[in-house]
Amino acid sequence: MKNTGYKRLFKLALALALTGCAGNPAVKTDAPYPNNTATIHDHAPEYQTQSLGLTGTYANSLAVQNFIRHMVLEHHFSESYLNSLFSKAKRLDYVIRLENPPPDFGPKPAHPKSGGWTRYRQQFITEAHINNGVAFWSNNADAIQKASVTYGVDPEYIVAIIGVETFFGRNVGKTRILDALTTLAFDTQRRAKFFTTELENYLLMTREEGYEPLQPVGSWAGAMGLGQFMPSSFRRLAVDFNNDGHRNLWDQCDAVGSVAHYFARNGWQRNMPVAEPTRGYSGESTIELGATNGSEYWRVHPNFKVIKKYNNSDKYAMAVHQLALAIKQRHL
Ligand SMILES: [Ca+2]
């Protein structure tokens, strides 16, 4: 076993030396991922045939029991292992509150709220975001260049997404993913089906990637890493961009490659326009944003819609676009 460890270390060192990905990171993130490679089976010895039973918060939840049964039948997880895992899952009240905002009564306004865009923009188009974006780009120059060429994505948009999502890795979230997704799947209604599927993907992801399921942390909604991927996106689109044998979205290099891959798979076209200001509303490809001093109108292109695949909001996509341009201007 020792020999395997050394080989792995050697391979890791070689991969880092070749790619130059991990050198001089712009920000240091606490590692919210396991540093061992134990698989899920290590915790579920095969001789354990007698069910240990479900205890804890979800001891009497029929929905959790049914979910465990599904994972056993469909994906051949050990029942006693999942019982033990879900016995440690916690119901998080703040997650329930965030998923259920107070209802918005009244008719939908014909125009966006005055000032809504201005306030949103002020959160992301800041000196700190621009300067840290330039630093992130410099510190990950090789990876960003390689990702841009490999996937055909303009580099400034890779940087800007990571800036808007997690302030370049500083805010990757502190909620245990297992707790977040268990709470959302079994203690909320609105998107319970979606989150149940994400929980299923999460357990599969931990098994495939060798994560200990109680360890990864992220957003209250279960998004992970610098690019805030949900588990289904992680399984489909994350890439091992530093070639160390693991897809690790808390790693800057893997995150850069994975965000670019996400964009490519959603149809990004390099060197094509994203949006430009226009005067007034002129049909399908115009959006209206509520600024403090009146509405702004923008003509948007297919790349704008690709950004919205990441987060389906005009304000979000416009913030990514404007941050990308600001970072690029200062980087050059
Ligand atoms: Ca990797």
# chains A, B, ... in the order shown; residues from 1 in each chain; ligands from 1
$ residues_around --residues "region 156-159 of chain A" --least-positions-apart "2" --cutoff "6 Å" --atoms "only C-alpha atoms" --output "MDAnalysis selection string"
chainID A and resid 154 161:162 324 328
$ write_last_selection --atoms "all heavy atoms" --output "PDB file, in the first residue's frame"
ATOM      1  N   ASP A 154     -13.860  32.319 -24.163  1.00  0.00           N
ATOM      2  CA  ASP A 154     -13.051  33.512 -23.874  1.00  0.00           C
ATOM      3  C   ASP A 154     -12.621  33.493 -22.405  1.00  0.00           C
ATOM      4  O   ASP A 154     -13.468  33.334 -21.511  1.00  0.00           O
ATOM      5  CB  ASP A 154     -13.868  34.770 -24.162  1.00  0.00           C
ATOM      6  CG  ASP A 154     -14.418  34.760 -25.573  1.00  0.00           C
ATOM      7  OD1 ASP A 154     -15.345  33.939 -25.824  1.00  0.00           O
ATOM      8  OD2 ASP A 154     -13.942  35.525 -26.404  1.00  0.00           O
ATOM      9  N   ILE A 161     -17.043  34.245 -14.035  1.00  0.00           N
ATOM     10  CA  ILE A 161     -17.995  33.309 -13.405  1.00  0.00           C
ATOM     11  C   ILE A 161     -17.509  32.943 -12.005  1.00  0.00           C
ATOM     12  O   ILE A 161     -18.269  32.974 -11.026  1.00  0.00           O
ATOM     13  CB  ILE A 161     -18.145  32.025 -14.261  1.00  0.00           C
ATOM     14  CG1 ILE A 161     -19.075  32.267 -15.452  1.00  0.00           C
ATOM     15  CG2 ILE A 161     -18.656  30.853 -13.415  1.00  0.00           C
ATOM     16  CD1 ILE A 161     -20.564  32.164 -15.145  1.00  0.00           C
ATOM     17  N   ILE A 162     -16.225  32.611 -11.905  1.00  0.00           N
ATOM     18  CA  ILE A 162     -15.672  32.213 -10.607  1.00  0.00           C
ATOM     19  C   ILE A 162     -15.700  33.397  -9.634  1.00  0.00           C
ATOM     20  O   ILE A 162     -15.905  33.225  -8.433  1.00  0.00           O
ATOM     21  CB  ILE A 162     -14.252  31.614 -10.800  1.00  0.00           C
ATOM     22  CG1 ILE A 162     -14.377  30.276 -11.555  1.00  0.00           C
ATOM     23  CG2 ILE A 162     -13.529  31.427  -9.478  1.00  0.00           C
ATOM     24  CD1 ILE A 162     -13.049  29.641 -11.949  1.00  0.00           C
ATOM     25  N   ALA A 324     -16.447  40.474 -16.584  1.00  0.00           N
ATOM     26  CA  ALA A 324     -15.494  39.904 -17.539  1.00  0.00           C
ATOM     27  C   ALA A 324     -14.783  41.013 -18.315  1.00  0.00           C
ATOM     28  O   ALA A 324     -13.545  41.018 -18.436  1.00  0.00           O
ATOM     29  CB  ALA A 324     -16.215  38.946 -18.501  1.00  0.00           C
ATOM     30  N   LYS A 328     -10.821  42.001 -18.025  1.00  0.00           N
ATOM     31  CA  LYS A 328     -10.003  41.890 -19.250  1.00  0.00           C
ATOM     32  C   LYS A 328      -9.274  43.211 -19.525  1.00  0.00           C
ATOM     33  O   LYS A 328      -8.074  43.214 -19.855  1.00  0.00           O
ATOM     34  CB  LYS A 328     -10.905  41.529 -20.430  1.00  0.00           C
ATOM     35  CG  LYS A 328     -10.118  41.287 -21.723  1.00  0.00           C
ATOM     36  CD  LYS A 328     -11.062  41.035 -22.879  1.00  0.00           C
ATOM     37  CE  LYS A 328     -10.263  40.810 -24.151  1.00  0.00           C
ATOM     38  NZ  LYS A 328     -11.155  40.752 -25.329  1.00  0.00           N
TER      39      LYS A 328
END
$ residues_around --residues "Phe263 (chain A)" --least-positions-apart "5" --cutoff "9 Å" --atoms "only C-alpha atoms" --output "PyMOL selection string"
chain A and resi 151-153+158+258+268-269+306-307+309-310
$ atom_distance --atom1 "CA of Glu296 (chain A)" --atom2 "CA of Tyr262 (chain A)"
28.8 Å
$ residues_near_ligand --ligand "ligand 1" --cutoff "7 Å" --atoms "only C-alpha atoms and all ligand atoms" --output "list in words"
Asp240, Phe241, Asn242, Asn243, Asp244, Gly245, His246, Arg247, Asn248 and Asp254 of chain A
$ atom_distance --atom1 "CA of His76 (chain A)" --atom2 "CA of Arg91 (chain A)"
25.5 Å
$ residues_around --residues "Tyr281 (chain A)" --least-positions-apart "3" --cutoff "9 Å" --atoms "only C-alpha atoms" --output "list of chain:residue names"
A:Thr278, A:Glu284, A:Thr286, A:Ile287, A:Glu288, A:Tyr297, A:Trp298, A:Arg299
$ write_last_selection --atoms "N, CA and C atoms" --output "PDB file, in the first residue's frame"
ATOM      1  N   THR A 278     -28.665  49.265 -26.061  1.00  0.00           N
ATOM      2  CA  THR A 278     -29.506  49.709 -27.170  1.00  0.00           C
ATOM      3  C   THR A 278     -30.504  50.731 -26.620  1.00  0.00           C
ATOM      4  N   GLU A 284     -37.443  40.579 -29.518  1.00  0.00           N
ATOM      5  CA  GLU A 284     -37.096  39.374 -28.759  1.00  0.00           C
ATOM      6  C   GLU A 284     -35.768  39.395 -28.055  1.00  0.00           C
ATOM      7  N   THR A 286     -34.030  41.776 -26.837  1.00  0.00           N
ATOM      8  CA  THR A 286     -33.736  42.922 -25.972  1.00  0.00           C
ATOM      9  C   THR A 286     -34.152  42.601 -24.545  1.00  0.00           C
ATOM     10  N   ILE A 287     -33.292  42.979 -23.594  1.00  0.00           N
ATOM     11  CA  ILE A 287     -33.690  42.837 -22.189  1.00  0.00           C
ATOM     12  C   ILE A 287     -33.741  44.219 -21.542  1.00  0.00           C
ATOM     13  N   GLU A 288     -34.534  44.329 -20.496  1.00  0.00           N
ATOM     14  CA  GLU A 288     -34.674  45.583 -19.762  1.00  0.00           C
ATOM     15  C   GLU A 288     -34.201  45.364 -18.326  1.00  0.00           C
ATOM     16  N   TYR A 297     -31.614  49.238 -21.566  1.00  0.00           N
ATOM     17  CA  TYR A 297     -31.994  48.219 -22.546  1.00  0.00           C
ATOM     18  C   TYR A 297     -30.727  47.657 -23.189  1.00  0.00           C
ATOM     19  N   TRP A 298     -30.697  46.350 -23.316  1.00  0.00           N
ATOM     20  CA  TRP A 298     -29.533  45.688 -23.896  1.00  0.00           C
ATOM     21  C   TRP A 298     -29.988  44.674 -24.942  1.00  0.00           C
ATOM     22  N   ARG A 299     -29.267  44.695 -26.065  1.00  0.00           N
ATOM     23  CA  ARG A 299     -29.491  43.653 -27.064  1.00  0.00           C
ATOM     24  C   ARG A 299     -28.584  42.495 -26.689  1.00  0.00           C
TER      25      ARG A 299
END
$ closest_residue --among "A:Ser295, A:Thr175, A:Asn60, A:Thr182" --to "Met224 (chain A)" --atoms "only C-alpha atoms"
A:Thr175
